[in-house]
Amino acid sequence: MDYLQTLNQQQFNAVTHDVGPVFVVAGAGTGKTRTLTMRIAYLIEQGHDPERILAVTFTNKAAREMKERVVNLVGPSGIGVWMYTFHAFGLQILRRHISVLPYGYRPTFSVIDEEDGKKIIKESIKALNLDSKDYPIKSLKGRISRYKTQRIEAFEFNEEEMIFLEYQRRLRDEQLLDFDDLILYTQELLKTKHELREYYQTYFEHILVDEFQDTDVIQYDILQMLGIKHKAVFVVGDPDQSIYAFRGSFYGNNMKFIKDFNADKVVLDQNYRSTNKILDAANRLINHNKNRPAVKNLVSDLGPGHEITYFNAPTDYRETFFVINEISRLQSEGYPLHEIAVLYRNNALSRIFEDALIKQGIPYIIYGGLSFYERKEIKDALAYARVVLDPIQSFYLKRIVNTPRRGIGNISIQKLEEYARKQGLSLYDAIDDVPLSGKSKQALLEFKATVIAMQEKIDEAKHLDEVLSIILDISGYVDMLKDDQDETSDDRILNLRELVSVFKRSETFYEGSLYQKITQLLDQIALYTDLDKSQNQEDAVVLSTVHQVKGLEFRAVFMVVMEEMIFPSDFSTMMPNEMEEERRVCYVGMTRAKRRLYMSSSRQRMVYGQMKMNFTSRFIRETKLTRIDTVEENMSSSYLSKGDKVVHNIFGEGVVVSVDEDIATIAFPMPHGIKKILESHPGLKKKGYNN
DNA sequence: TCTCCATGAGTTTTT
DNA sequence: CTCATGGAGA
């Protein structure tokens, strides 16, 4: 147990704590994951059965990493630990027991993603003869999700509840579960099926939870039901980093756990990430929150470090220049670009920073956007796989029946659906006898023949990747992409190749028959969305919302657009709880920084095409940062204003006559005369400028 | 079935 | 402003 000696006192206390309820309040950068994995290793070495340890996380990545680290510490016995995300755990339980619930689900159900869910809501609205204009899908889906995760009666009109019920009915008819169902039905199973609850709460001797501050009420209920018998529940979290309330996480769980379980509290506040000026600033900010289950002040051994820079720009445009200039300077100091992050409150704010980075030729990547498995071609290929394995999955059949084009339009599908419903058949089974005109009918029969051809070929296949290759080949999907000269086609084909290699790599991962392997792989993919996005391989500046970099760290962080109405957002200025959450978002952003932290704002900004004057964010005030208004006086910069003396590499010395946005008009001695030059021009330097 | 235009809405999103 | 959506028309 040498590894115990690598722990500090606080971590040691947590890892070796007596078996029983413990809340480890682990601040940013205090070795949270280390502590959790070593706790698991410690339990195993104390003789506890790995197979009776359940550890839940929120991301696949965290689950995977934790498992690797446990195996590294204790050897192969660590493989037996139940290490899952909440959703993957639910999926395990439901694959075993879902038929016990009174909804007609079979263990072969599929899990749908956000986009599919919206599709089904849309269908539900149509089926109820309601006008989709009156029911914005996005917010309705959000409310349905909130209803499922928070048990809040959130429906505004009776019709909305009808849509919800229709949605739920359709999911059941089609043997589909959305993400929330994975949690909800697991809870229902444990709650209503006494013997199952008894079994699992006895079976799991230890329960560990990562990122506990992000649990919602249903998840808490599951943890409570599972943990109440042995009371060996070890949770790790940082209430100050709870920033997902809008997604259902319930801040109150933090206090509730301590009370319900009478848990011991262990605080980790020794930080290994940042220098102290950064930590002091973050501490000052978060101290403005009244509702904190555990007060802690992060400290580190890394010395005071650099001052935090707060820059208040006159225009949004100037703010981007401040950021760009500092990035260039950091780069010349030896900071790799991928160690620099520009963080903002919402995605719409990325644009002007992107533009500025493009102009300067600084490479960047934006976090967010479509993940690999959300791409159309990937979803199509996977839909084919599902249909070929089990053709009665009508939802997936509809997705691919006319892709590539087979002359099966909406009208034909509607008629087929109607007929299938009357006969009580799946769409696939209804194809043979559906009364349709010659051409459409012929097309449907041909589609069916294609599916059968794929099935026959797959019956002979031995490996996972063959399955996908057969599908892509016989369906004509790749041919379709090759044929159309859309510029994205090549990318799509490459993505499909990548998917084939995912199948190939997965071969040794799973056990059982080919069919069983595919099912497991599809499950994994259904819950997998991030695809190692945090591995920023290229040397590029990271642009991201604060939310998306939770858990990551960068040597330099720019928190931009620190303005009232934006950060904090205008949605939260009324509610004290939401304001505290907003402050936590800011805290999370600041604590990403290892060595340099910059915060910036602008006095005016273009928002939705209109010029807005925003006040500086209260978070700047609360952090007690000294403001820097003029870059010229205080930092390296090429910002120019009237009267400045400059040096140009060709024209020589000159005087600035005027500045219009980024264009400076400068008077040079004859024969050059008046020139208009981009103030960021590399050949242009302000005189007397000093690093 | 595709393309074009008018219209409206516009936080944060681990699964 | 910019993007998504949906209806009209080719």
# chains A, B, ... in the order shown; residues from 1 in each chain; ligands from 1
call {"tool": "interface_residues", "arguments": {"of": "chain A", "to": "chain C", "cutoff": "9 Å", "atoms": "only C-alpha atoms (C1' of nucleotides)", "output": "PyMOL selection string"}}
result
chain A and resi 133+606-610
call {"tool": "write_last_selection", "arguments": {"atoms": "C-alpha atoms", "output": "PDB file, in the first residue's frame"}}
result
ATOM      1  CA  LYS A 133     -46.045  26.174 -33.979  1.00  0.00           C
ATOM      2  CA  MET A 606     -23.145  44.291 -30.192  1.00  0.00           C
ATOM      3  CA  VAL A 607     -25.872  41.906 -29.009  1.00  0.00           C
ATOM      4  CA  TYR A 608     -28.343  40.560 -31.560  1.00  0.00           C
ATOM      5  CA  GLY A 609     -27.329  43.293 -33.915  1.00  0.00           C
ATOM      6  CA  GLN A 610     -27.925  46.052 -31.404  1.00  0.00           C
TER       7      GLN A 610
END
call {"tool": "interface_residues", "arguments": {"of": "chain B", "to": "chain A", "cutoff": "8 Å", "atoms": "only C-alpha atoms (C1' of nucleotides)", "output": "number ranges by chain"}}
result
B: 10-15
call {"tool": "write_last_selection", "arguments": {"atoms": "N, CA and C atoms (P, O5', C5', C4', C3', O3' and C1' of nucleotides)", "output": "compact mmCIF listing (two decimals), in the first residue's frame"}}
result
# COMPACT_ATOMS: atom_id res chain seq x y z
P DG B 10 -36.44 31.89 -27.31
O5' DG B 10 -34.92 32.20 -27.62
C5' DG B 10 -34.20 31.33 -28.49
C4' DG B 10 -32.78 31.84 -28.47
C3' DG B 10 -32.53 32.56 -27.17
O3' DG B 10 -31.56 31.86 -26.43
C1' DG B 10 -31.93 33.93 -29.05
P DT B 11 -30.26 31.83 -25.95
O5' DT B 11 -30.94 31.33 -24.66
C5' DT B 11 -30.45 31.39 -23.43
C4' DT B 11 -28.95 31.24 -23.31
C3' DT B 11 -28.42 29.81 -23.46
O3' DT B 11 -27.06 29.89 -23.79
C1' DT B 11 -28.34 30.49 -21.24
P DT B 12 -26.43 28.60 -24.38
O5' DT B 12 -25.91 27.91 -23.05
C5' DT B 12 -24.55 28.05 -22.67
C4' DT B 12 -24.34 27.36 -21.37
C3' DT B 12 -24.59 25.86 -21.40
O3' DT B 12 -23.35 25.20 -21.59
C1' DT B 12 -25.54 26.90 -19.44
P DT B 13 -23.13 24.40 -22.94
O5' DT B 13 -23.51 22.92 -22.51
C5' DT B 13 -23.23 22.45 -21.22
C4' DT B 13 -23.90 21.09 -21.06
C3' DT B 13 -23.91 20.22 -22.31
O3' DT B 13 -23.59 18.90 -21.93
C1' DT B 13 -26.12 20.54 -21.54
P DT B 14 -22.62 18.03 -22.84
O5' DT B 14 -22.91 16.58 -22.20
C5' DT B 14 -23.04 16.46 -20.82
C4' DT B 14 -21.90 15.61 -20.28
C3' DT B 14 -22.34 14.18 -20.02
O3' DT B 14 -21.23 13.31 -20.17
C1' DT B 14 -21.77 15.22 -18.01
P DT B 15 -21.25 12.18 -21.23
O5' DT B 15 -22.56 11.36 -20.90
C5' DT B 15 -22.68 10.64 -19.70
C4' DT B 15 -24.14 10.20 -19.61
C3' DT B 15 -24.56 9.35 -20.79
O3' DT B 15 -24.87 8.04 -20.32
C1' DT B 15 -26.13 11.09 -20.37
call {"tool": "residues_around", "arguments": {"residues": "A:Leu223", "least_positions_apart": "6", "cutoff": "12 Å", "atoms": "only C-alpha atoms (C1' of nucleotides)", "output": "VMD selection string"}}
result
chain A and resid 21 54 to 56 86 89 to 90 183 186 to 187 190 to 191 197 200 to 201 204 206 to 209 212 215 to 217 229 to 235 253 257 260 to 261
call {"tool": "select_by_dssp", "arguments": {"residues": "stretch 418-529 of chain A", "states": "helix (DSSP H, G or I)", "output": "MDAnalysis selection string"}}
result
chainID A and resid 418:423 427:430 438:460 464:474 477:483 489:506 514:526
